[in-house]
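**Student:** Just one file: start-v2.txt, with compact mmCIF, C-alpha atoms.
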```txt
# COMPACT_ATOMS: atom_id res chain seq x y z
CA MET A 1 -9.04 95.88 -65.33
CA ARG A 2 -8.39 93.28 -62.64
CA LYS A 3 -4.97 92.03 -61.62
CA ILE A 4 -5.22 88.38 -60.61
CA ILE A 5 -2.49 86.07 -59.33
CA HIS A 6 -3.07 82.32 -59.27
CA CYS A 7 -0.67 80.53 -56.91
CA ASP A 8 -0.22 76.77 -57.08
CA CYS A 9 2.20 74.89 -54.85
CA ASP A 10 4.23 72.40 -56.90
CA CYS A 11 3.37 68.73 -56.09
CA PHE A 12 2.37 69.99 -52.65
CA TYR A 13 2.23 66.87 -50.45
CA ALA A 14 5.31 65.41 -52.11
CA ALA A 15 7.11 68.75 -51.80
CA VAL A 16 6.53 68.81 -48.04
CA GLU A 17 7.84 65.25 -47.70
CA MET A 18 10.94 66.07 -49.77
CA ARG A 19 11.54 69.18 -47.69
CA ASP A 20 11.48 67.12 -44.51
CA ASN A 21 13.53 64.27 -45.98
CA PRO A 22 15.98 65.48 -48.66
CA ALA A 23 16.84 61.86 -49.52
CA LEU A 24 13.47 61.69 -51.29
CA ARG A 25 14.17 64.54 -53.70
CA GLU A 26 15.80 62.61 -56.53
CA ILE A 27 13.76 59.40 -56.38
CA PRO A 28 10.20 58.76 -57.55
CA ILE A 29 7.72 59.11 -54.68
CA ALA A 30 3.93 59.08 -54.46
CA ILE A 31 1.62 60.14 -51.66
CA GLY A 32 -1.60 58.20 -51.29
CA GLY A 33 -3.43 55.10 -50.13
CA SER A 34 -2.03 51.60 -49.90
CA VAL A 35 -2.27 49.04 -52.68
CA GLU A 36 -4.00 46.64 -50.29
CA GLN A 37 -6.79 49.17 -49.75
CA ARG A 38 -6.89 49.94 -53.46
CA GLY A 39 -5.68 53.46 -52.80
CA VAL A 40 -4.94 56.09 -55.40
CA VAL A 41 -2.14 58.59 -55.90
CA ALA A 42 -2.92 61.90 -54.17
CA THR A 43 0.15 63.50 -55.70
CA CYS A 44 3.64 62.55 -56.80
CA ASN A 45 6.92 64.30 -57.40
CA TYR A 46 8.38 65.11 -60.80
CA PRO A 47 10.75 62.10 -60.97
CA ALA A 48 7.63 59.92 -60.61
CA ARG A 49 5.80 61.86 -63.31
CA LYS A 50 8.47 60.88 -65.79
CA PHE A 51 7.04 57.35 -65.56
CA GLY A 52 3.55 58.61 -66.45
CA ILE A 53 2.29 58.58 -62.88
CA HIS A 54 -0.31 61.21 -62.01
CA SER A 55 -2.88 62.15 -59.38
CA ALA A 56 -5.94 59.88 -59.05
CA MET A 57 -4.10 56.96 -60.64
CA PRO A 58 -4.60 53.65 -58.78
CA MET A 59 -1.53 52.97 -56.70
CA ALA A 60 -1.27 49.45 -58.12
CA GLN A 61 -1.05 50.89 -61.63
CA ALA A 62 1.56 53.43 -60.50
CA LEU A 63 3.72 50.60 -59.14
CA LYS A 64 3.46 48.74 -62.44
CA ARG A 65 4.79 51.79 -64.25
CA CYS A 66 7.50 52.36 -61.67
CA PRO A 67 8.28 49.27 -59.52
CA HIS A 68 10.83 51.21 -57.45
CA LEU A 69 8.29 53.93 -56.58
CA THR A 70 8.46 54.94 -52.92
CA LEU A 71 5.00 55.10 -51.34
CA ILE A 72 4.19 57.50 -48.50
CA ARG A 73 0.89 57.41 -46.64
CA GLY A 74 0.80 61.13 -46.11
CA ASP A 75 0.28 63.35 -43.08
CA MET A 76 -2.71 65.65 -43.51
CA PRO A 77 -2.24 67.62 -40.25
CA LYS A 78 1.31 68.44 -41.37
CA TYR A 79 0.14 69.49 -44.84
CA LYS A 80 -2.57 71.71 -43.35
CA ASP A 81 0.01 73.38 -41.12
CA VAL A 82 2.25 74.11 -44.11
CA ALA A 83 -0.76 75.46 -46.03
CA ARG A 84 -1.48 77.87 -43.17
CA GLN A 85 2.07 79.20 -43.46
CA VAL A 86 1.71 79.71 -47.19
CA PHE A 87 -1.67 81.43 -46.91
CA ALA A 88 -0.31 83.71 -44.18
CA ILE A 89 2.17 85.02 -46.75
CA TYR A 90 -0.66 85.53 -49.27
CA ARG A 91 -2.62 87.55 -46.68
CA GLU A 92 0.29 89.93 -46.22
CA VAL A 93 -0.30 90.92 -49.84
CA THR A 94 -4.12 90.95 -50.02
CA GLU A 95 -7.20 89.85 -48.12
CA LEU A 96 -8.99 89.08 -51.40
CA ILE A 97 -8.06 85.40 -51.52
CA GLU A 98 -10.14 82.56 -52.96
CA PRO A 99 -8.73 79.20 -51.83
CA LEU A 100 -9.38 76.33 -54.20
CA SER A 101 -7.60 73.70 -52.11
CA LEU A 102 -4.80 73.49 -49.55
CA ASP A 103 -2.22 74.23 -52.24
CA GLU A 104 -4.00 76.55 -54.65
CA ALA A 105 -5.59 80.01 -54.54
CA PHE A 106 -6.57 83.09 -56.51
CA LEU A 107 -5.41 86.47 -55.23
CA ASP A 108 -6.97 89.74 -56.40
CA VAL A 109 -4.28 92.44 -56.17
CA SER A 110 -6.04 95.02 -58.35
CA ASN A 111 -5.98 97.70 -55.65
CA VAL A 112 -2.81 96.68 -53.85
CA THR A 113 -0.12 99.39 -53.86
CA LEU A 114 2.71 97.08 -52.78
CA HIS A 115 5.64 97.13 -55.25
CA GLN A 116 4.14 100.17 -56.97
CA GLY A 117 1.09 98.08 -57.83
CA SER A 118 3.04 95.58 -59.95
CA ALA A 119 1.27 92.20 -59.82
CA THR A 120 4.32 90.59 -61.40
CA ARG A 121 6.62 91.81 -58.63
CA MET A 122 4.09 90.76 -56.00
CA ALA A 123 4.03 87.26 -57.46
CA GLN A 124 7.80 87.14 -57.50
CA MET A 125 7.93 88.23 -53.87
CA ILE A 126 5.37 85.61 -52.84
CA ARG A 127 7.31 82.85 -54.57
CA GLU A 128 10.60 83.94 -53.01
CA ARG A 129 9.14 84.13 -49.50
CA VAL A 130 7.40 80.75 -49.70
CA SER A 131 10.63 79.16 -50.91
CA ARG A 132 12.73 80.83 -48.20
CA GLU A 133 10.33 80.64 -45.24
CA VAL A 134 8.34 77.47 -45.93
CA GLY A 135 10.80 75.44 -47.96
CA ILE A 136 8.60 74.52 -50.93
CA THR A 137 8.07 76.09 -54.35
CA VAL A 138 5.05 77.87 -55.80
CA SER A 139 4.26 78.44 -59.45
CA ALA A 140 2.29 81.59 -60.21
CA GLY A 141 0.29 83.02 -63.07
CA VAL A 142 -0.50 86.71 -63.44
CA ALA A 143 -3.30 87.85 -65.74
CA PRO A 144 -6.32 90.16 -66.04
CA ASN A 145 -8.77 87.39 -65.06
CA LYS A 146 -9.05 84.06 -63.24
CA PHE A 147 -9.26 81.92 -66.39
CA LEU A 148 -5.96 83.19 -67.78
CA ALA A 149 -4.19 83.38 -64.41
CA LYS A 150 -4.90 79.70 -63.72
CA ILE A 151 -3.62 78.66 -67.13
CA ALA A 152 -0.55 80.86 -66.70
CA SER A 153 0.39 79.28 -63.35
CA ASP A 154 0.71 75.93 -65.10
CA TRP A 155 2.66 77.31 -68.06
CA ASN A 156 6.17 77.19 -66.58
CA LYS A 157 5.77 74.55 -63.86
CA PRO A 158 7.48 73.64 -61.66
CA ASP A 159 8.76 76.69 -59.77
CA GLY A 160 7.72 79.03 -62.57
CA LEU A 161 6.11 82.37 -63.24
CA CYS A 162 4.07 83.32 -66.30
CA VAL A 163 2.64 86.79 -66.87
CA ILE A 164 -0.06 87.58 -69.42
CA THR A 165 -0.40 91.34 -69.74
CA PRO A 166 -3.60 92.91 -71.10
CA ASP A 167 -2.02 93.64 -74.47
CA GLU A 168 -0.84 90.01 -74.75
CA VAL A 169 -4.24 88.43 -74.09
CA GLU A 170 -5.44 88.37 -77.69
CA HIS A 171 -2.33 86.69 -79.09
CA PHE A 172 -2.08 84.26 -76.16
CA VAL A 173 -5.71 83.15 -76.27
CA GLN A 174 -5.89 82.61 -80.02
CA ALA A 175 -3.01 80.14 -79.90
CA LEU A 176 -4.21 78.43 -76.70
CA PRO A 177 -4.95 74.71 -77.16
CA VAL A 178 -8.52 73.92 -76.14
CA LYS A 179 -7.29 71.04 -73.96
CA LYS A 180 -5.84 73.70 -71.64
CA ILE A 181 -9.33 75.02 -70.84
CA HIS A 182 -10.61 73.89 -67.45
CA GLY A 183 -13.50 71.51 -68.00
CA VAL A 184 -12.22 70.14 -71.30
CA GLY A 185 -11.40 66.55 -70.42
CA PRO A 186 -10.16 63.79 -72.74
CA ARG A 187 -13.62 62.98 -74.11
CA THR A 188 -14.50 66.60 -74.82
CA ALA A 189 -11.08 67.14 -76.39
CA GLU A 190 -11.64 64.12 -78.65
CA LYS A 191 -15.02 65.46 -79.70
CA MET A 192 -13.47 68.83 -80.47
CA ALA A 193 -10.74 67.19 -82.52
CA ARG A 194 -13.39 65.42 -84.59
CA LEU A 195 -14.92 68.85 -85.22
CA ASP A 196 -11.47 70.17 -86.18
CA ILE A 197 -11.34 72.42 -83.11
CA HIS A 198 -7.84 72.47 -81.65
CA THR A 199 -7.25 76.04 -80.46
CA CYS A 200 -9.31 78.93 -79.17
CA ALA A 201 -8.92 80.49 -82.61
CA ASP A 202 -10.75 77.45 -83.98
CA LEU A 203 -13.49 77.89 -81.37
CA ARG A 204 -14.03 81.45 -82.54
CA THR A 205 -14.90 80.24 -86.03
CA ARG A 206 -17.95 78.43 -84.61
CA SER A 207 -21.10 80.29 -83.70
CA LEU A 208 -22.47 80.34 -80.17
CA THR A 209 -25.48 78.38 -81.40
CA GLU A 210 -23.25 75.66 -82.87
CA LEU A 211 -21.13 75.36 -79.72
CA VAL A 212 -24.23 75.06 -77.53
CA GLU A 213 -25.61 72.44 -79.90
CA HIS A 214 -22.47 70.33 -79.55
CA PHE A 215 -21.51 71.01 -75.92
CA GLY A 216 -24.69 72.14 -74.16
CA ARG A 217 -24.37 74.87 -71.54
CA PHE A 218 -20.61 74.44 -71.59
CA GLY A 219 -20.70 75.70 -75.20
CA LYS A 220 -21.58 79.20 -73.99
CA ARG A 221 -18.65 79.13 -71.60
CA LEU A 222 -16.33 77.92 -74.37
CA HIS A 223 -17.48 80.80 -76.56
CA GLU A 224 -16.63 83.34 -73.84
CA LEU A 225 -13.26 81.81 -72.97
CA SER A 226 -12.18 81.59 -76.61
CA PHE A 227 -12.03 85.40 -76.50
CA GLY A 228 -10.33 85.42 -73.09
CA HIS A 229 -13.44 86.76 -71.34
CA ASP A 230 -13.95 85.83 -67.69
CA ASP A 231 -15.76 88.23 -65.38
CA ARG A 232 -15.78 86.00 -62.30
CA PRO A 233 -14.61 87.89 -59.19
CA VAL A 234 -12.29 86.44 -56.60
CA LYS A 235 -14.58 85.19 -53.84
CA THR A 236 -13.26 85.14 -50.30
CA HIS A 237 -16.10 82.81 -49.29
CA ARG A 238 -16.80 79.76 -51.37
CA GLU A 239 -20.28 78.30 -51.80
CA ARG A 240 -20.87 74.63 -51.21
CA LYS A 241 -23.20 73.17 -53.84
CA SER A 242 -23.17 69.56 -52.67
CA VAL A 243 -22.06 67.22 -49.90
CA SER A 244 -21.04 63.63 -50.57
CA THR A 245 -19.06 60.62 -49.45
CA GLU A 246 -17.60 57.63 -51.25
CA GLN A 247 -15.83 54.38 -50.48
CA THR A 248 -13.31 52.34 -52.46
CA TYR A 249 -13.61 48.67 -51.52
CA ALA A 250 -10.68 46.33 -50.90
CA LYS A 251 -12.54 43.68 -52.90
CA ASP A 252 -14.91 44.39 -55.76
CA LEU A 253 -18.60 44.26 -54.92
CA PRO A 254 -19.68 41.42 -57.22
CA SER A 255 -23.40 42.14 -57.61
CA LEU A 256 -26.15 44.71 -57.35
CA GLU A 257 -27.26 43.10 -54.08
CA ALA A 258 -23.78 43.54 -52.62
CA CYS A 259 -23.84 47.19 -53.61
CA ARG A 260 -27.26 47.72 -52.05
CA ALA A 261 -25.99 46.22 -48.80
CA GLU A 262 -23.37 49.01 -48.58
CA LEU A 263 -25.85 51.87 -48.98
CA PRO A 264 -26.91 52.20 -45.31
CA THR A 265 -23.30 52.67 -44.16
CA LEU A 266 -22.64 55.23 -46.88
CA LEU A 267 -25.82 57.12 -46.05
CA GLU A 268 -24.93 57.25 -42.34
CA ASP A 269 -21.64 58.90 -43.23
CA LEU A 270 -23.40 61.27 -45.63
CA GLU A 271 -25.81 62.32 -42.89
CA ARG A 272 -22.90 62.99 -40.51
CA ARG A 273 -21.22 65.20 -43.10
CA TYR A 274 -24.45 67.01 -43.88
CA ALA A 275 -25.16 67.63 -40.19
CA ARG A 276 -21.76 69.32 -39.80
CA LEU A 277 -22.82 72.12 -42.18
CA ASP A 278 -23.75 75.16 -40.14
CA PRO A 279 -26.53 75.79 -40.76
CA PRO A 280 -27.50 72.72 -42.80
CA PRO A 281 -28.96 74.04 -46.09
CA GLY A 282 -31.94 72.58 -47.87
CA VAL A 283 -31.55 69.50 -50.05
CA ARG A 284 -32.75 69.70 -53.63
CA GLY A 285 -31.56 66.37 -54.98
CA LEU A 286 -29.58 63.19 -54.49
CA MET A 287 -26.89 61.41 -56.45
CA VAL A 288 -25.21 58.01 -56.62
CA LYS A 289 -21.78 57.39 -58.13
CA VAL A 290 -20.68 53.94 -59.32
CA LYS A 291 -17.15 53.07 -60.45
CA PHE A 292 -16.79 49.62 -62.00
CA ASN A 293 -13.78 47.33 -61.89
CA ASP A 294 -12.71 48.46 -65.37
CA PHE A 295 -12.49 52.04 -63.95
CA THR A 296 -15.44 53.31 -65.98
CA GLN A 297 -17.84 55.27 -63.82
CA THR A 298 -21.28 56.81 -63.93
CA THR A 299 -23.29 59.22 -61.79
CA VAL A 300 -27.08 59.15 -61.50
CA GLU A 301 -29.03 62.09 -60.06
CA HIS A 302 -32.61 62.84 -59.13
CA ALA A 303 -34.23 66.05 -57.90
CA ASP A 304 -36.07 65.56 -54.61
CA PRO A 305 -36.17 67.67 -51.41
CA ALA A 306 -36.77 64.64 -49.16
CA PRO A 307 -34.40 61.82 -50.14
CA ASN A 308 -34.64 58.39 -48.53
CA LEU A 309 -33.03 54.97 -48.77
CA GLU A 310 -35.47 53.72 -51.40
CA GLN A 311 -34.64 56.59 -53.73
CA PHE A 312 -30.91 55.97 -53.40
CA GLU A 313 -31.56 52.29 -54.14
CA THR A 314 -33.46 53.26 -57.30
CA LEU A 315 -30.55 55.40 -58.49
CA LEU A 316 -28.12 52.61 -57.69
CA ASN A 317 -30.20 50.24 -59.80
CA VAL A 318 -29.93 52.63 -62.74
CA GLY A 319 -26.19 53.14 -62.26
CA TRP A 320 -25.50 49.43 -61.94
CA ALA A 321 -27.45 48.70 -65.13
CA ARG A 322 -25.10 50.96 -67.09
CA GLY A 323 -22.18 48.60 -66.45
CA GLU A 324 -23.46 45.37 -64.90
CA ARG A 325 -20.03 44.35 -63.66
CA PRO A 326 -18.22 44.26 -60.30
CA VAL A 327 -17.94 47.61 -58.52
CA ARG A 328 -14.79 49.02 -56.89
CA LEU A 329 -16.25 52.32 -55.59
CA LEU A 330 -19.62 53.64 -54.49
CA GLY A 331 -20.54 57.20 -53.60
CA VAL A 332 -23.68 59.01 -52.46
CA GLY A 333 -24.45 62.69 -52.08
CA TYR A 334 -26.92 65.55 -51.75
CA ARG A 335 -27.29 68.51 -54.08
CA LEU A 336 -27.90 71.53 -51.87
CA ALA A 337 -30.82 73.87 -52.47
CA GLU A 338 -29.15 76.87 -50.87
CA ALA A 339 -25.50 77.69 -50.90
CA ALA A 340 -23.81 76.73 -47.65
CA PRO A 341 -21.07 79.17 -46.66
CA ALA A 342 -17.57 77.75 -46.54
CA GLU A 343 -15.21 80.08 -44.73
CA GLN A 344 -11.76 80.60 -46.14
CA LEU A 345 -10.02 78.77 -43.32
CA SER A 346 -12.35 75.77 -43.55
CA LEU A 347 -9.84 74.30 -45.99
CA PHE A 348 -7.47 73.83 -43.10
```
Re-express the file's structure as structure tokens.
**Tutor:**
Amino acid sequence: MRKIIHCDCDCFYAAVEMRDNPALREIPIAIGGSVEQRGVVATCNYPARKFGIHSAMPMAQALKRCPHLTLIRGDMPKYKDVARQVFAIYREVTELIEPLSLDEAFLDVSNVTLHQGSATRMAQMIRERVSREVGITVSAGVAPNKFLAKIASDWNKPDGLCVITPDEVEHFVQALPVKKIHGVGPRTAEKMARLDIHTCADLRTRSLTELVEHFGRFGKRLHELSFGHDDRPVKTHRERKSVSTEQTYAKDLPSLEACRAELPTLLEDLERRYARLDPPPGVRGLMVKVKFNDFTQTTVEHADPAPNLEQFETLLNVGWARGERPVRLLGVGYRLAEAAPAEQLSLF
């Protein structure tokens, strides 16, 4: 039986800014791009969340919901430095760490003898040290697997701890709302509601065949998770499956021709990013992402080991035809044929 801790820094970028400027603690703040550049919210503090502001929301929309919102451009070198401090504390507990981002990680403490092997006490110690030594708060979830640990870390946010012991798994999972499952977005949740599936207990009443019929490959995963099963190990090295770049434009691109004119610049940046992989893995496909001015978006992909400009243009044509309206964002990318190693510290 594994012992997994999922640690998630609370509103990380905003927390660092509030630590460095206590005057920001009680007012709504958001970290992200400028309105003029059509930026989005990277994160916001909890006073801002009371106005319905959330990550990835356009900054212009955030200001409509909260006109007195304080905007901060952000300081990535500073955030990376803080993340290094936090991860240094994690490494004093275990070397089995899987970073998901600067502010989030899984820790496998199954064989750690610290605190008599109590994962709960280890999580408490981590949270206390980060608060005392770094000056921000971490929420943690403790469970027998990654799926449950990640859900648990969000259960008592902010600055919370949730422990799901092995004998509590069955009761916890049966009552778990399906919208809490990673990968179940608004559209999937709506589809489940139409099928009268609201909890994992409801999922269990459906056969594997039925779930696959309705949700494709994700149906098999839903079937496993509805019983709390997750055998994924904590991986100290993450595998990169794709490389991509995207651009949000200050003014909407009004036509397909205008979008096509932006492709060469995007592809140059994509090639630079791809060349930085060491060693560069094989390419097995290409993709184009289009976000329209009504915020709907689509992604078009094609398998090909030798992508070129003409192929990207063909995919763009298909993506554009799905909306046929002005475009606010374009993205291009490669699907990688072989996993490219991403060292743990590459996040920083």
**Student:** For Asn145 of chain A, which residue among A:Glu268, A:Arg2, A:Met57, A:Ile97 is the nearest when counting all atoms listed in the file?
**Tutor:**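 Closest residue, counting all atoms listed in the file: A:Arg2.
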**Student:** Would you pick out the contacts of Arg260 of chain A at 9 Å or less, using all atoms listed in the file, so that residues sharing its chain but fewer than 5 positions from it are not included, and give the list as a list in words?
**Tutor:** Ser255, Glu313, Leu316 and Asn317 of chain A
**Student:** May I ask which of the residues A:Phe215, A:Leu222, A:Ala56, A:Thr236 is the closest one to Phe295 of chain A, counting all atoms listed in the file?
**Tutor:**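 Using all atoms listed in the file, the shortest distance to Phe295 of chain A belongs to A:Ala56.
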**Student:** For Ser34 of chain A, which residue among A:Gly216, A:Pro305, A:Pro58, A:Pro47 is the nearest when counting all atoms listed in the file?
**Tutor:**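 For Ser34 of chain A, the nearest of the given residues is A:Pro58.
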**Student:** Ranking A:Pro99, A:Gly160, A:Cys9, A:Leu63 by minimum distance to Gly39 of chain A and counting all atoms listed in the file, which one comes first?
**Tutor:** A:Leu63
**Student:** Tell me which of A:Leu161, A:Leu203, A:Leu286, A:Ile27 sits closest to Glu128 of chain A, counting all atoms listed in the file.
**Tutor:**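 Closest candidate: A:Leu161.
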**Student:** How far is it from atom CA of Ala14 of chain A to atom CA of Val142 of chain A, in Å with one decimal?
**Tutor:** 24.8 Å
**Student:** Take atom CA of Cys259 of chain A and atom CA of Pro280 of chain A and report the distance between them in Å, one decimal.
**Tutor:**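 Interatomic distance here is 28.0 Å.
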**Student:** Using only C-alpha atoms, which of the listed residues (A:Lys179, A:Lys291, A:His115, A:Arg335) sits closest to Ala193 of chain A?
**Tutor:**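 Of A:Lys179, A:Lys291, A:His115, A:Arg335, the one nearest Ala193 of chain A is A:Lys179, counting only C-alpha atoms.
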**Student:** What lies within 12 Å of Asp167 of chain A using all atoms listed in the file, ignoring chain neighbours under 5 positions off, as a PyMOL selection string?
**Tutor:** chain A and resi 1+143-144+172-173+228
**Student:** So that I can see what lies close to segment 252-254 of chain A, please list as a PyMOL selection string the residues with an atom at most 6 Å from it, counting all atoms listed in the file and leaving out residues fewer than 5 positions away in the same chain.
**Tutor:** chain A and resi 326-328
**Student:** Around all of segment 316-331 of chain A's listed atoms, make the axis-aligned box with 3 Å on each side and tell me centre and edge lengths in Å to one decimal, as JSON.
**Tutor:**
```
{"center_x": -22.5, "center_y": 50.7, "center_z": -60.3, "size_x": 21.4, "size_y": 18.9, "size_z": 19.5}
```
**Student:** Take atom CA of Gly32 of chain A and atom CA of Gly135 of chain A and report the distance between them in Å, one decimal.
**Tutor:**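 So the two atoms, atom CA of Gly32 of chain A and atom CA of Gly135 of chain A, lie 21.5 Å apart.
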**Student:** Name all residues at most 10 Å from Lys80 of chain A (count all atoms listed in the file; drop same-chain ones fewer than 2 positions away) and give them as a PDB file with C-alpha atoms, in the frame of the given file.
**Tutor:**
```pdb
ATOM      1  CA  TYR A  13       2.230  66.870 -50.450  1.00  0.00           C
ATOM      2  CA  ASP A  75       0.280  63.350 -43.080  1.00  0.00           C
ATOM      3  CA  MET A  76      -2.710  65.650 -43.510  1.00  0.00           C
ATOM      4  CA  PRO A  77      -2.240  67.620 -40.250  1.00  0.00           C
ATOM      5  CA  LYS A  78       1.310  68.440 -41.370  1.00  0.00           C
ATOM      6  CA  VAL A  82       2.250  74.110 -44.110  1.00  0.00           C
ATOM      7  CA  ALA A  83      -0.760  75.460 -46.030  1.00  0.00           C
ATOM      8  CA  ARG A  84      -1.480  77.870 -43.170  1.00  0.00           C
ATOM      9  CA  GLN A  85       2.070  79.200 -43.460  1.00  0.00           C
ATOM     10  CA  VAL A  86       1.710  79.710 -47.190  1.00  0.00           C
ATOM     11  CA  LEU A 102      -4.800  73.490 -49.550  1.00  0.00           C
ATOM     12  CA  ASP A 103      -2.220  74.230 -52.240  1.00  0.00           C
ATOM     13  CA  LEU A 347      -9.840  74.300 -45.990  1.00  0.00           C
ATOM     14  CA  PHE A 348      -7.470  73.830 -43.100  1.00  0.00           C
TER      15      PHE A 348
END
```
**Student:** I'd like the neighbourhood of Ser118 of chain A as a list of chain:residue names, where a residue qualifies if any of its atoms comes within 9 Å (using only C-alpha atoms), though same-chain residues fewer than 5 positions away should be ignored.
**Tutor:**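 Listed by chain and then number, they are A:Lys3, A:Val109, A:Val112, A:Thr113, A:Ala123.
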**Student:** Kindly save the residues from that selection, with C-alpha atoms included, as an mmCIF file, in the coordinates of the input.
**Tutor:**
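So again_1.cif came out as:
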```cif
data_model
loop_
_atom_site.group_PDB
_atom_site.id
_atom_site.type_symbol
_atom_site.label_atom_id
_atom_site.label_comp_id
_atom_site.auth_asym_id
_atom_site.auth_seq_id
_atom_site.Cartn_x
_atom_site.Cartn_y
_atom_site.Cartn_z
ATOM 1 C CA LYS A 3 -4.970 92.030 -61.620
ATOM 2 C CA VAL A 109 -4.280 92.440 -56.170
ATOM 3 C CA VAL A 112 -2.810 96.680 -53.850
ATOM 4 C CA THR A 113 -0.120 99.390 -53.860
ATOM 5 C CA ALA A 123 4.030 87.260 -57.460
#
```
